[in-house]
Each structure stands twice: as C-alpha cells, then as structure tokens.
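Q: This one is run07.cif, mmCIF, C-alpha atoms, pLDDT in the B column; chains and numbers go by the auth columns.
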```cif
data_model
#
loop_
_atom_site.group_PDB
_atom_site.id
_atom_site.type_symbol
_atom_site.label_atom_id
_atom_site.label_comp_id
_atom_site.label_asym_id
_atom_site.label_seq_id
_atom_site.Cartn_x
_atom_site.Cartn_y
_atom_site.Cartn_z
_atom_site.B_iso_or_equiv
_atom_site.auth_seq_id
_atom_site.auth_asym_id
ATOM 1 C CA MET A 1 -33.522 31.667 82.732 55.00 25 L
ATOM 2 C CA ASN A 2 -32.041 29.467 80.219 64.00 26 L
ATOM 3 C CA VAL A 3 -34.782 27.743 78.345 63.00 27 L
ATOM 4 C CA THR A 4 -33.700 25.521 75.545 69.00 28 L
ATOM 5 C CA LYS A 5 -35.943 25.577 72.621 71.00 29 L
ATOM 6 C CA ALA A 6 -36.624 22.239 71.099 64.00 30 L
ATOM 7 C CA PRO A 7 -36.712 22.069 67.357 67.00 31 L
ATOM 8 C CA PRO A 8 -40.202 21.848 66.009 68.00 32 L
ATOM 9 C CA ALA A 9 -41.350 18.303 65.502 71.00 33 L
ATOM 10 C CA LYS A 10 -41.332 17.192 61.903 73.00 34 L
ATOM 11 C CA GLU A 11 -44.526 16.052 60.441 77.00 35 L
ATOM 12 C CA ASN A 12 -44.658 12.553 59.049 77.00 36 L
ATOM 13 C CA LYS A 13 -44.897 13.155 55.308 79.00 37 L
ATOM 14 C CA LYS A 14 -45.396 10.503 52.694 80.00 38 L
ATOM 15 C CA PRO A 15 -42.854 10.551 49.901 76.00 39 L
ATOM 16 C CA LEU A 16 -44.185 11.819 46.624 79.00 40 L
ATOM 17 C CA GLU A 17 -44.964 9.233 44.048 81.00 41 L
ATOM 18 C CA PHE A 18 -42.418 9.377 41.227 80.00 42 L
ATOM 19 C CA LYS A 19 -42.094 7.290 38.162 83.00 43 L
ATOM 20 C CA LEU A 20 -38.752 6.014 36.894 87.00 44 L
ATOM 21 C CA HIS A 21 -38.425 5.808 33.134 90.00 45 L
ATOM 22 C CA SER A 22 -35.796 3.086 33.253 93.00 46 L
ATOM 23 C CA GLY A 23 -38.265 0.439 32.074 92.00 47 L
ATOM 24 C CA ASP A 24 -39.228 2.543 29.045 94.00 48 L
ATOM 25 C CA ARG A 25 -35.591 3.297 28.328 95.00 49 L
ATOM 26 C CA ALA A 26 -34.708 -0.403 28.573 96.00 50 L
ATOM 27 C CA VAL A 27 -37.414 -1.270 26.015 96.00 51 L
ATOM 28 C CA LYS A 28 -36.252 1.482 23.649 97.00 52 L
ATOM 29 C CA ARG A 29 -32.642 0.411 24.052 97.00 53 L
ATOM 30 C CA ALA A 30 -33.551 -3.227 23.312 97.00 54 L
ATOM 31 C CA MET A 31 -35.387 -2.130 20.148 97.00 55 L
ATOM 32 C CA PHE A 32 -32.393 -0.003 19.095 98.00 56 L
ATOM 33 C CA ASN A 33 -29.945 -2.863 19.724 98.00 57 L
ATOM 34 C CA TYR A 34 -32.158 -5.187 17.685 98.00 58 L
ATOM 35 C CA SER A 35 -32.321 -2.755 14.759 98.00 59 L
ATOM 36 C CA VAL A 36 -28.516 -2.270 14.842 98.00 60 L
ATOM 37 C CA ALA A 37 -27.956 -6.033 14.926 98.00 61 L
ATOM 38 C CA THR A 38 -30.341 -6.622 12.001 98.00 62 L
ATOM 39 C CA ASN A 39 -28.706 -3.838 9.952 98.00 63 L
ATOM 40 C CA TYR A 40 -25.272 -5.314 10.675 98.00 64 L
ATOM 41 C CA TYR A 41 -26.457 -8.786 9.690 98.00 65 L
ATOM 42 C CA ILE A 42 -28.005 -7.481 6.438 98.00 66 L
ATOM 43 C CA MET A 43 -24.798 -5.573 5.571 98.00 67 L
ATOM 44 C CA LYS A 44 -22.751 -8.683 6.304 98.00 68 L
ATOM 45 C CA LEU A 45 -24.954 -10.787 4.012 98.00 69 L
ATOM 46 C CA GLN A 46 -24.713 -8.172 1.244 98.00 70 L
ATOM 47 C CA LYS A 47 -20.923 -8.074 1.576 98.00 71 L
ATOM 48 C CA LYS A 48 -20.703 -11.882 1.378 98.00 72 L
ATOM 49 C CA GLN A 49 -22.955 -11.867 -1.702 98.00 73 L
ATOM 50 C CA GLU A 50 -20.821 -9.178 -3.387 97.00 74 L
ATOM 51 C CA GLU A 51 -17.609 -11.090 -2.587 98.00 75 L
ATOM 52 C CA ARG A 52 -19.113 -14.321 -3.941 98.00 76 L
ATOM 53 C CA LEU A 53 -20.210 -12.539 -7.129 97.00 77 L
ATOM 54 C CA GLN A 54 -16.790 -10.897 -7.520 97.00 78 L
ATOM 55 C CA LYS A 55 -15.086 -14.258 -7.062 98.00 79 L
ATOM 56 C CA LEU A 56 -17.302 -15.857 -9.708 97.00 80 L
ATOM 57 C CA ILE A 57 -16.549 -13.020 -12.129 98.00 81 L
ATOM 58 C CA GLU A 58 -12.785 -13.331 -11.540 97.00 82 L
ATOM 59 C CA GLU A 59 -12.886 -17.108 -11.977 97.00 83 L
ATOM 60 C CA GLU A 60 -14.793 -16.698 -15.247 97.00 84 L
ATOM 61 C CA GLU A 61 -12.264 -14.111 -16.465 96.00 85 L
ATOM 62 C CA ILE A 62 -9.392 -16.448 -15.580 95.00 86 L
ATOM 63 C CA ARG A 63 -11.135 -19.311 -17.393 94.00 87 L
ATOM 64 C CA MET A 64 -11.571 -17.142 -20.522 93.00 88 L
ATOM 65 C CA LEU A 65 -7.945 -15.967 -20.396 91.00 89 L
ATOM 66 C CA ARG A 66 -6.728 -19.538 -20.138 89.00 90 L
ATOM 67 C CA LYS A 67 -8.811 -20.489 -23.177 89.00 91 L
ATOM 68 C CA GLU A 68 -7.403 -17.574 -25.201 89.00 92 L
ATOM 69 C CA MET A 69 -3.781 -18.096 -24.175 86.00 93 L
ATOM 70 C CA VAL A 70 -1.459 -19.779 -26.623 81.00 94 L
ATOM 71 C CA PRO A 71 1.265 -21.784 -24.943 77.00 95 L
ATOM 72 C CA LYS A 72 4.723 -20.692 -26.050 79.00 96 L
ATOM 73 C CA ALA A 73 6.887 -23.448 -24.695 81.00 97 L
ATOM 74 C CA GLN A 74 10.572 -23.545 -25.547 83.00 98 L
ATOM 75 C CA LEU A 75 12.018 -26.653 -27.058 83.00 99 L
ATOM 76 C CA MET A 76 13.973 -28.901 -24.806 83.00 100 L
ATOM 77 C CA PRO A 77 17.711 -28.799 -25.569 78.00 101 L
ATOM 78 C CA PHE A 78 19.386 -31.931 -26.886 79.00 102 L
ATOM 79 C CA PHE A 79 21.805 -33.305 -24.346 81.00 103 L
ATOM 80 C CA ASP A 80 22.865 -36.312 -26.382 84.00 104 L
ATOM 81 C CA ARG A 81 25.135 -34.194 -28.666 82.00 105 L
ATOM 82 C CA PRO A 82 27.927 -31.922 -27.447 81.00 106 L
ATOM 83 C CA PHE A 83 27.386 -28.172 -27.706 80.00 107 L
ATOM 84 C CA LEU A 84 29.623 -26.609 -30.353 83.00 108 L
ATOM 85 C CA PRO A 85 29.301 -22.833 -30.500 86.00 109 L
ATOM 86 C CA GLN A 86 29.553 -21.326 -33.982 89.00 110 L
ATOM 87 C CA ARG A 87 31.852 -18.446 -34.764 90.00 111 L
ATOM 88 C CA SER A 88 30.067 -15.172 -35.411 90.00 112 L
ATOM 89 C CA SER A 89 30.086 -13.763 -38.937 92.00 113 L
ATOM 90 C CA ARG A 90 30.365 -10.176 -37.686 92.00 114 L
ATOM 91 C CA PRO A 91 33.770 -8.494 -38.065 92.00 115 L
ATOM 92 C CA LEU A 92 35.909 -7.995 -34.982 90.00 116 L
ATOM 93 C CA THR A 93 35.850 -4.618 -33.282 89.00 117 L
ATOM 94 C CA MET A 94 38.999 -2.625 -33.904 88.00 118 L
ATOM 95 C CA PRO A 95 40.210 -0.839 -30.747 88.00 119 L
ATOM 96 C CA LYS A 96 40.719 2.904 -30.948 87.00 120 L
ATOM 97 C CA GLU A 97 42.978 5.132 -28.879 84.00 121 L
ATOM 98 C CA PRO A 98 41.134 7.577 -26.649 82.00 122 L
ATOM 99 C CA SER A 99 41.358 11.103 -28.034 76.00 123 L
ATOM 100 C CA PHE A 100 42.605 13.148 -25.108 74.00 124 L
ATOM 101 C CA GLY A 101 44.142 15.689 -27.480 66.00 125 L
ATOM 102 C CA SER A 102 40.809 17.370 -28.176 60.00 126 L
ATOM 103 C CA VAL A 103 40.460 18.354 -24.494 54.00 127 L
ATOM 104 C CA ASN A 104 42.168 21.607 -23.605 53.00 128 L
ATOM 105 C CA SER A 105 45.541 20.695 -22.108 51.00 129 L
ATOM 106 C CA THR A 106 45.355 23.448 -19.464 51.00 130 L
ATOM 107 C CA CYS A 107 42.031 22.015 -18.231 53.00 131 L
ATOM 108 C CA TRP A 108 43.575 18.521 -18.015 50.00 132 L
ATOM 109 C CA THR A 109 46.436 19.802 -15.895 50.00 133 L
ATOM 110 C CA CYS A 110 43.999 21.690 -13.676 51.00 134 L
ATOM 111 C CA VAL A 111 42.896 18.436 -12.146 50.00 135 L
ATOM 112 C CA PHE A 112 46.382 17.438 -11.031 51.00 136 L
ATOM 113 C CA ASN A 113 48.011 20.709 -10.091 50.00 137 L
ATOM 114 C CA ASN A 114 46.259 22.839 -7.472 50.00 138 L
ATOM 115 C CA GLN A 115 48.366 25.931 -8.126 52.00 139 L
ATOM 116 C CA HIS A 116 47.739 25.781 -11.837 49.00 140 L
ATOM 117 C CA TYR A 117 44.045 25.033 -11.091 50.00 141 L
ATOM 118 C CA LEU A 118 43.705 28.215 -9.044 51.00 142 L
ATOM 119 C CA TYR A 119 45.481 30.143 -11.759 51.00 143 L
ATOM 120 C CA HIS A 120 43.238 28.553 -14.378 52.00 144 L
ATOM 121 C CA ILE A 121 40.042 29.495 -12.476 54.00 145 L
ATOM 122 C CA ASN A 122 41.165 33.055 -11.907 53.00 146 L
ATOM 123 C CA HIS A 123 42.558 33.798 -15.367 52.00 147 L
ATOM 124 C CA ALA A 124 41.517 31.349 -18.057 50.00 148 L
ATOM 125 C CA HIS A 125 37.756 31.236 -17.399 47.00 149 L
ATOM 126 C CA ALA A 126 37.467 34.971 -16.801 46.00 150 L
#
```
For the file at hand, write its structure as structure tokens.
A:
Amino acid sequence: MNVTKAPPAKENKKPLEFKLHSGDRAVKRAMFNYSVATNYYIMKLQKKQEERLQKLIEEEEIRMLRKEMVPKAQLMPFFDRPFLPQRSSRPLTMPKEPSFGSVNSTCWTCVFNNQHYLYHINHAHA
C-alpha cells in the first residue's frame, strides 16, 4: 500500500512587527550634513577674511615702499649733437709671447706622439 503522506499544513502566522531605523538614520544624516555644510561655510568665510586682510597688508606695504623709493632715472641722451667717443688715457696693452719653454718639452711631445707618450708614461713618471 502506497500511501502518500501530505506535508503538514502550515499555520497562518502573522509576521513579527519590526521597526526600521531608516527614518532615524535619515534624520541623523541630515543633521550631520548640515553641520558639515556650516563648518565648510565658516571655514570659507575665514579664508576669505584672511585673504582680504593679507591683500590689505600687501597693498599697504607696497604703498610704503613706493613712498620710500627714490627714483633714479637716467638722463636722456642728446641726439642733436653727433657722438664723438674720446680716446682713453690708459696705456695700450703690450702683447707678450706665450711661454711654452717653461713646460717640460717631453710632456709637450707626449700629446702628439703616441709612441713617445707610452714611453713617457712608462719611464718618465715612474
């Protein structure tokens, strides 16, 4: 005998009452956003005030510097007369021969002659 057992009938249960905290969280979040916005606004106002004060100080410093400055303008050249350069009173420079004689002659030839250069490195500087 094959008797199929039916699953037991479920009782009609009422869902439990539960409370969502989303309303409370929304109020707290709105308060937080307001406090952040007010802090940002206050900081912005303070920054503007500091910049305005700094600008006033710089302008006052510039004004004082301009009062203290003495203009040192150069005279305008005269273009109605021709320019005639004057000869210098200093004596002329007398040219001198370079003194290559004081340099060791073997060292001078080292630069131009590779064989002598190798000989010079091996023997003369030893």
Q: Atom CA of Asn63 of chain L and atom CA of Ala50 of chain L, how far apart in Å?
A: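 Value for the atom CA of Ala50 of chain L-atom CA of Asn63 of chain L distance: 19.9 Å.
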Q: Hey, can I get the axis-aligned box for segment 110-126 of chain L? All listed atoms, 4 Å padding on each side, centre and edge lengths in Å to one decimal, as AutoDock Vina command-line options.
A:
```
--center_x 36.8 --center_y -2.0 --center_z -32.0 --size_x 22.6 --size_y 46.7 --size_z 21.8
```
Q: So how many Å separate atom CA of Leu77 of chain L and atom CA of Lys91 of chain L, to one decimal?
A: 21.2 Å
Q: For the atom pair atom CA of Arg87 of chain L and atom CA of Glu75 of chain L, what is the interatomic distance in Å to one decimal place?
A: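 Separation of atom CA of Arg87 of chain L and atom CA of Glu75 of chain L: 18.1 Å.
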